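So this block is query.txt, compact mmCIF, C-alpha atoms:
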```txt
# COMPACT_ATOMS: atom_id res chain seq x y z
CA MET A 8 3.77 39.16 2.96
CA SER A 9 0.79 41.30 2.01
CA ASP A 10 -2.88 41.54 1.16
CA ALA A 11 -4.61 38.57 -0.45
CA SER A 12 -5.42 40.64 -3.53
CA LEU A 13 -1.67 40.67 -4.31
CA SER A 14 -1.47 36.86 -4.21
CA PRO A 15 -1.57 34.59 -7.32
CA LEU A 16 -5.31 34.03 -6.78
CA GLY A 17 -7.37 34.82 -9.86
CA LYS A 18 -4.31 35.60 -11.99
CA PRO A 19 -2.73 33.65 -14.88
CA VAL A 20 0.51 32.01 -13.77
CA ALA A 21 3.28 29.98 -15.36
CA TYR A 22 3.90 26.79 -13.43
CA GLN A 23 7.43 26.39 -12.16
CA THR A 24 8.63 22.81 -11.99
CA GLU A 25 11.93 23.41 -10.21
CA TYR A 26 12.00 23.92 -6.45
CA CYS A 27 10.98 27.50 -5.65
CA PRO A 28 10.10 28.32 -2.01
CA SER A 29 9.59 32.01 -2.86
CA LEU A 30 6.25 31.01 -4.44
CA LEU A 31 4.69 30.72 -0.98
CA PHE A 32 2.52 33.77 -0.23
CA PRO A 33 1.96 34.38 3.51
CA ILE A 34 -1.03 36.40 4.68
CA PRO A 35 -1.19 37.76 8.26
CA ARG A 36 -4.05 36.32 10.32
CA GLN A 37 -4.54 39.39 12.49
CA GLY A 38 -6.31 41.58 9.94
CA LYS A 39 -9.36 39.31 9.73
CA ARG A 40 -9.17 38.58 13.45
CA ASP A 41 -9.49 42.29 14.13
CA GLU A 42 -12.79 42.22 12.22
CA ILE A 43 -14.26 39.69 14.67
CA GLY A 44 -12.82 41.30 17.78
CA ILE A 45 -9.87 39.02 18.48
CA THR A 46 -7.00 41.01 19.95
CA GLY A 47 -4.28 40.04 22.36
CA ARG A 48 -4.37 36.49 23.67
CA LEU A 49 -6.26 34.07 21.43
CA PRO A 50 -9.54 32.75 22.88
CA PHE A 51 -8.87 29.36 21.30
CA MET A 52 -6.23 26.82 20.42
CA GLY A 53 -6.27 24.98 17.13
CA MET A 54 -4.74 23.65 13.97
CA ASP A 55 -5.21 24.02 10.22
CA ILE A 56 -4.92 20.52 8.75
CA TRP A 57 -4.05 20.53 5.06
CA ASN A 58 -3.98 17.43 2.86
CA GLY A 59 -2.01 17.55 -0.38
CA TYR A 60 -2.99 14.92 -2.94
CA GLU A 61 -0.95 16.13 -5.92
CA LEU A 62 2.61 15.76 -4.71
CA SER A 63 5.39 14.49 -6.96
CA TRP A 64 9.15 14.79 -7.34
CA LEU A 65 12.04 12.93 -8.99
CA ASN A 66 14.42 10.54 -7.31
CA LEU A 67 18.14 10.95 -7.91
CA ARG A 68 17.90 8.84 -11.07
CA GLY A 69 15.14 11.01 -12.52
CA LYS A 70 12.23 8.62 -11.83
CA PRO A 71 8.95 10.29 -10.71
CA GLN A 72 7.76 9.66 -7.17
CA VAL A 73 4.30 10.39 -5.73
CA ALA A 74 2.91 10.78 -2.24
CA ILE A 75 0.13 12.31 -0.19
CA ALA A 76 1.18 14.93 2.34
CA VAL A 77 -0.39 16.17 5.56
CA PHE A 78 0.51 19.65 6.78
CA MET A 79 -0.48 20.86 10.25
CA ILE A 80 -0.24 24.62 10.77
CA PRO A 81 -0.87 25.88 14.32
CA ALA A 82 -3.63 28.43 14.78
CA ASP A 83 -1.31 30.67 16.79
CA SER A 84 1.03 31.13 13.84
CA PRO A 85 1.06 34.78 12.73
CA ASN A 86 0.38 33.89 9.07
CA ILE A 87 -1.59 31.57 6.85
CA VAL A 88 -0.41 30.56 3.38
CA GLU A 89 -2.62 31.50 0.44
CA SER A 90 -3.76 28.19 -1.06
CA LYS A 91 -2.96 28.84 -4.74
CA SER A 92 0.57 29.85 -3.84
CA PHE A 93 0.79 26.64 -1.81
CA LYS A 94 -0.28 24.63 -4.87
CA LEU A 95 2.27 26.42 -7.08
CA TYR A 96 4.97 25.76 -4.51
CA LEU A 97 4.16 22.04 -4.35
CA ASN A 98 4.23 21.83 -8.14
CA SER A 99 7.70 23.32 -8.13
CA PHE A 100 8.94 19.93 -6.91
CA ASN A 101 7.72 18.14 -10.05
CA GLN A 102 11.12 18.22 -11.77
CA THR A 103 13.21 18.48 -8.63
CA ARG A 104 15.54 15.59 -7.77
CA LEU A 105 15.62 14.53 -4.14
CA ALA A 106 17.20 11.60 -2.34
CA ASN A 107 13.99 10.38 -0.70
CA ALA A 108 10.71 11.38 0.92
CA SER A 109 12.51 12.42 4.09
CA ALA A 110 14.51 14.99 2.14
CA LEU A 111 11.28 16.31 0.68
CA ALA A 112 9.65 16.53 4.11
CA GLU A 113 12.62 18.46 5.47
CA LEU A 114 12.32 21.09 2.73
CA LEU A 115 8.56 21.35 3.13
CA ARG A 116 8.82 21.70 6.89
CA GLY A 117 11.45 24.42 6.72
CA ASP A 118 9.80 26.48 3.99
CA LEU A 119 6.29 26.34 5.43
CA SER A 120 7.46 27.07 8.97
CA ALA A 121 9.30 30.14 7.68
CA ALA A 122 6.23 31.30 5.76
CA VAL A 123 3.70 30.98 8.59
CA GLY A 124 6.11 32.00 11.35
CA ALA A 125 5.70 28.86 13.50
CA PRO A 126 6.71 25.18 13.39
CA VAL A 127 4.68 23.19 10.86
CA ILE A 128 4.22 19.42 11.12
CA VAL A 129 4.70 17.57 7.80
CA GLN A 130 3.80 13.92 7.20
CA ILE A 131 4.53 12.17 3.89
CA ARG A 132 2.45 9.12 3.03
CA GLU A 133 4.04 7.09 0.27
CA PRO A 134 2.09 4.70 -1.99
CA GLU A 135 2.72 1.72 0.28
CA ALA A 136 0.50 3.42 2.87
CA PHE A 137 -2.34 4.41 0.52
CA ALA A 138 -4.40 1.26 1.13
CA GLY A 139 -4.57 2.06 4.83
CA LEU A 140 -6.07 5.52 4.37
CA LYS A 141 -9.71 5.71 5.43
CA PHE A 142 -12.79 7.80 4.78
CA GLY A 143 -15.01 9.02 7.60
CA GLU A 144 -17.80 11.51 8.17
CA LEU A 145 -17.86 13.93 11.07
CA ALA A 146 -19.21 12.37 14.27
CA GLY A 147 -22.33 13.89 15.82
CA TYR A 148 -26.00 14.57 15.17
CA ASN A 149 -26.61 15.99 11.70
CA ILE A 150 -29.08 18.88 11.74
CA ASP A 151 -29.57 19.20 7.97
CA ASN A 152 -32.98 17.49 7.90
CA LEU A 153 -34.61 20.22 9.98
CA ASP A 154 -37.52 21.74 8.02
CA ILE A 155 -36.63 25.42 8.16
CA GLU A 156 -37.24 28.50 6.06
CA VAL A 157 -34.13 30.49 5.18
CA ASP A 158 -33.76 34.02 3.78
CA GLN A 159 -30.38 35.17 5.14
CA TYR A 160 -27.22 34.40 3.15
CA THR A 161 -24.63 36.60 4.84
CA PRO A 162 -23.42 35.81 8.38
CA GLN A 163 -26.05 36.66 10.98
CA PRO A 164 -24.79 35.86 14.50
CA GLN A 165 -28.02 37.20 15.99
CA LEU A 166 -29.78 34.13 14.57
CA LEU A 167 -28.08 31.97 17.20
CA ARG A 168 -29.95 31.29 20.41
CA CYS A 169 -30.12 28.79 23.25
CA ASP A 170 -33.11 26.71 24.36
CA LEU A 171 -33.54 27.69 28.00
CA ASP A 172 -35.56 25.27 30.12
CA GLU A 173 -37.87 27.55 32.12
CA ASP A 174 -39.34 24.58 34.01
CA HIS A 175 -35.88 23.46 35.13
CA PRO A 176 -33.75 26.61 35.43
CA ASP A 177 -31.15 24.78 37.52
CA ALA A 178 -30.60 22.03 34.98
CA GLY A 179 -26.96 21.43 34.29
CA PRO A 180 -25.22 22.05 30.99
CA VAL A 181 -25.64 19.66 28.08
CA GLU A 182 -22.80 18.13 26.14
CA GLU A 183 -23.43 17.41 22.47
CA ILE A 184 -21.95 17.37 19.00
CA LEU A 185 -23.91 18.80 16.06
CA THR A 186 -22.90 18.59 12.39
CA SER A 187 -23.97 20.00 9.05
CA ASN A 188 -22.95 19.45 5.44
CA LEU A 189 -24.53 22.73 4.31
CA LEU A 190 -21.70 25.15 5.01
CA LYS A 191 -20.73 27.10 1.90
CA SER A 192 -18.67 30.25 1.66
CA ASN A 193 -16.75 31.90 -1.16
CA CYS A 194 -13.10 32.65 -1.81
CA LEU A 195 -12.16 36.06 -0.45
CA VAL A 196 -10.51 37.10 -3.73
CA THR A 197 -12.13 35.17 -6.61
CA GLY A 198 -15.62 34.61 -5.19
CA GLN A 199 -15.49 30.94 -6.20
CA PRO A 200 -17.51 28.61 -3.93
CA ASP A 201 -15.93 26.71 -1.06
CA TRP A 202 -17.90 23.72 0.24
CA ALA A 203 -17.59 22.19 3.69
CA SER A 204 -19.00 20.00 6.40
CA VAL A 205 -18.78 21.43 9.92
CA GLN A 206 -18.88 19.98 13.42
CA ILE A 207 -19.88 21.97 16.52
CA ALA A 208 -18.97 20.25 19.81
CA TYR A 209 -19.91 22.11 22.97
CA THR A 210 -20.82 21.95 26.65
CA GLY A 211 -23.33 24.51 27.91
CA GLN A 212 -26.91 25.63 27.50
CA PRO A 213 -28.51 23.69 24.61
CA ILE A 214 -28.08 25.53 21.33
CA ASN A 215 -31.30 25.77 19.35
CA ARG A 216 -30.66 23.54 16.35
CA GLU A 217 -32.85 25.44 13.89
CA SER A 218 -31.08 28.68 14.77
CA LEU A 219 -27.69 27.01 14.34
CA LEU A 220 -28.61 25.65 10.92
CA ARG A 221 -29.93 29.03 9.75
CA TYR A 222 -26.73 30.63 11.00
CA LEU A 223 -24.46 28.17 9.17
CA ILE A 224 -26.46 28.60 5.95
CA SER A 225 -26.08 32.38 6.30
CA PHE A 226 -22.44 32.01 5.20
CA ARG A 227 -23.60 31.03 1.70
CA ASN A 228 -22.74 34.37 0.04
CA HIS A 229 -19.90 35.30 2.41
CA ASN A 230 -16.38 35.88 1.04
CA GLU A 231 -13.66 34.73 3.41
CA PHE A 232 -10.89 32.14 3.57
CA HIS A 233 -11.58 28.78 5.24
CA GLU A 234 -9.60 29.51 8.40
CA GLN A 235 -11.31 32.87 8.80
CA CYS A 236 -14.80 31.41 8.42
CA VAL A 237 -14.17 28.83 11.13
CA GLU A 238 -12.86 31.47 13.52
CA ARG A 239 -15.89 33.67 12.81
CA ILE A 240 -18.23 30.73 13.53
CA PHE A 241 -16.34 29.96 16.73
CA MET A 242 -16.49 33.54 18.01
CA ASP A 243 -20.16 34.04 17.10
CA ILE A 244 -21.24 30.89 18.94
CA LEU A 245 -18.99 31.72 21.89
CA ARG A 246 -20.51 35.20 22.24
CA GLN A 247 -24.14 34.42 21.46
CA CYS A 248 -24.48 31.12 23.34
CA GLU A 249 -21.69 31.35 25.94
CA PRO A 250 -20.83 27.63 26.07
CA LEU A 251 -18.45 26.44 28.76
CA LYS A 252 -16.55 24.43 26.17
CA LEU A 253 -16.59 24.83 22.40
CA ALA A 254 -14.84 23.26 19.42
CA VAL A 255 -15.49 24.00 15.74
CA TYR A 256 -14.06 21.75 13.03
CA ALA A 257 -14.68 22.17 9.29
CA ARG A 258 -13.74 19.77 6.49
CA TYR A 259 -13.55 21.70 3.21
CA THR A 260 -13.59 20.00 -0.16
CA ARG A 261 -10.32 20.12 -2.04
CA ARG A 262 -9.32 22.63 -4.67
CA GLY A 263 -6.16 22.27 -6.75
CA GLY A 264 -5.24 19.06 -4.98
CA LEU A 265 -5.43 20.62 -1.50
CA ASP A 266 -8.08 20.49 1.18
CA ILE A 267 -8.03 22.70 4.29
CA ASN A 268 -9.60 21.60 7.56
CA PRO A 269 -9.45 24.21 10.36
CA TRP A 270 -10.12 23.24 13.99
CA ARG A 271 -10.57 25.69 16.87
CA ALA A 272 -11.30 24.86 20.54
CA ASN A 273 -11.27 26.76 23.84
CA HIS A 274 -10.16 23.73 25.86
CA ASN A 275 -7.42 21.15 25.77
CA GLY A 276 -8.36 18.12 23.75
CA ALA A 277 -7.09 15.68 21.21
CA LEU A 278 -6.69 16.86 17.63
CA PRO A 279 -9.73 15.63 15.66
CA PRO A 280 -9.23 12.73 13.26
CA ASN A 281 -7.99 13.69 9.80
CA LEU A 282 -10.48 11.45 7.98
CA ARG A 283 -11.36 12.36 4.41
CA GLY A 284 -15.10 12.91 3.97
CA ALA A 285 -17.02 11.49 1.02
CA ARG A 286 -17.05 14.89 -0.70
CA GLN A 287 -13.32 15.41 -0.26
```

File written out as structure tokens:
Amino acid sequence: MSDASLSPLGKPVAYQTEYCPSLLFPIPRQGKRDEIGITGRLPFMGMDIWNGYELSWLNLRGKPQVAIAVFMIPADSPNIVESKSFKLYLNSFNQTRLANASALAELLRGDLSAAVGAPVIVQIREPEAFAGLKFGELAGYNIDNLDIEVDQYTPQPQLLRCDLDEDHPDAGPVEEILTSNLLKSNCLVTGQPDWASVQIAYTGQPINRESLLRYLISFRNHNEFHEQCVERIFMDILRQCEPLKLAVYARYTRRGGLDINPWRANHNGALPPNLRGARQ
């Protein structure tokens, strides 16, 4: 367990096709959380929802099997798993013989839970279930058509502001859901682009939509992992706009057969739907 620069990211690797849990590379969450002022008790609950589309193994007679996997890693786990190491680990099952999908799920659950330091939920969807999988875009009002001028491409929390109603200072809080498809950040190690759609659901003073869009676009040249970007967005909105309730959910496009979809909220609520977006 160490710094991301020591992970397999950006380095040539030889794929292992026999089961090898040591390929998983955990990275502590706290280092990046310190940067955004998160210490002690977490100001949110949440989950990192991973979807694995390139999953294969052999049955006991040597015949290849395929499936799609869903991995749910709790936000209060001490570690994340670096995504390339996760891909390498999944590929290590390619020539591994297992009795069935349940045996695979048991190995995945045990190895990932050990790596992140908390129980991980694993769901295996075999081909018989593929036809029932659905696409879906994030619910809410999309703010991308706002005609704005932008000149900031590193995170600028000071861009965020609320629309205070001076004529009705006693007006109650609003409750709304805003979305954007324009979130882009870059890998912390390689600098390669990461693309995402993001949903901001909140209750509180109305957030100025132009300021929110400028703020989200300001991540365009920012280097940070998916989970870290979502937590930074959450904390910046929480501090600048002081909503009573806040949830941030990002759907990142896949890389290496994996997509990562972090969700953070400061209130109890149902886990958001794990619907694949059109770009995923």

**Study point:** Spatial neighbours of Arg271 of chain A, max dist 10 Å, all atoms listed in the file, sep filter under 2 positions, as a list in words
**Key:** Pro50, Phe51, Met52, Gly53, Met54, Asp55, Ala82, Glu234, Val237, Glu238, Ile240, Phe241, Met242, Leu253, Ala254, Val255, Tyr256, Ala257, Pro269, Asn273, His274 and Leu278 of chain A

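Closest approach to Arg216 of chain A from the set A:Ser192, A:Tyr259, A:Asp170, A:Ile244 is made by A:Asp170, with distances taken over only C-alpha atoms.
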
Study note, to complete from the structure: Of A:Thr197, A:Gln165, A:Asn149, A:Ser225, the one sitting nearest Glu183 of chain A when using only C-alpha atoms is A:Asn149

Point to revise | Shell around segment 103-112 of chain A at 10 Å using all atoms listed in the file, local window under 3 positions removed, as an MDAnalysis selection string | key: chainID A and resid 24:27 63:74 76 98:100 115:118 128:133

Review point. For Leu30 of chain A, which residue among A:Ser92, A:Gly47, A:Asn86, A:Leu223 is the nearest when counting only C-alpha atoms?
Key: A:Ser92
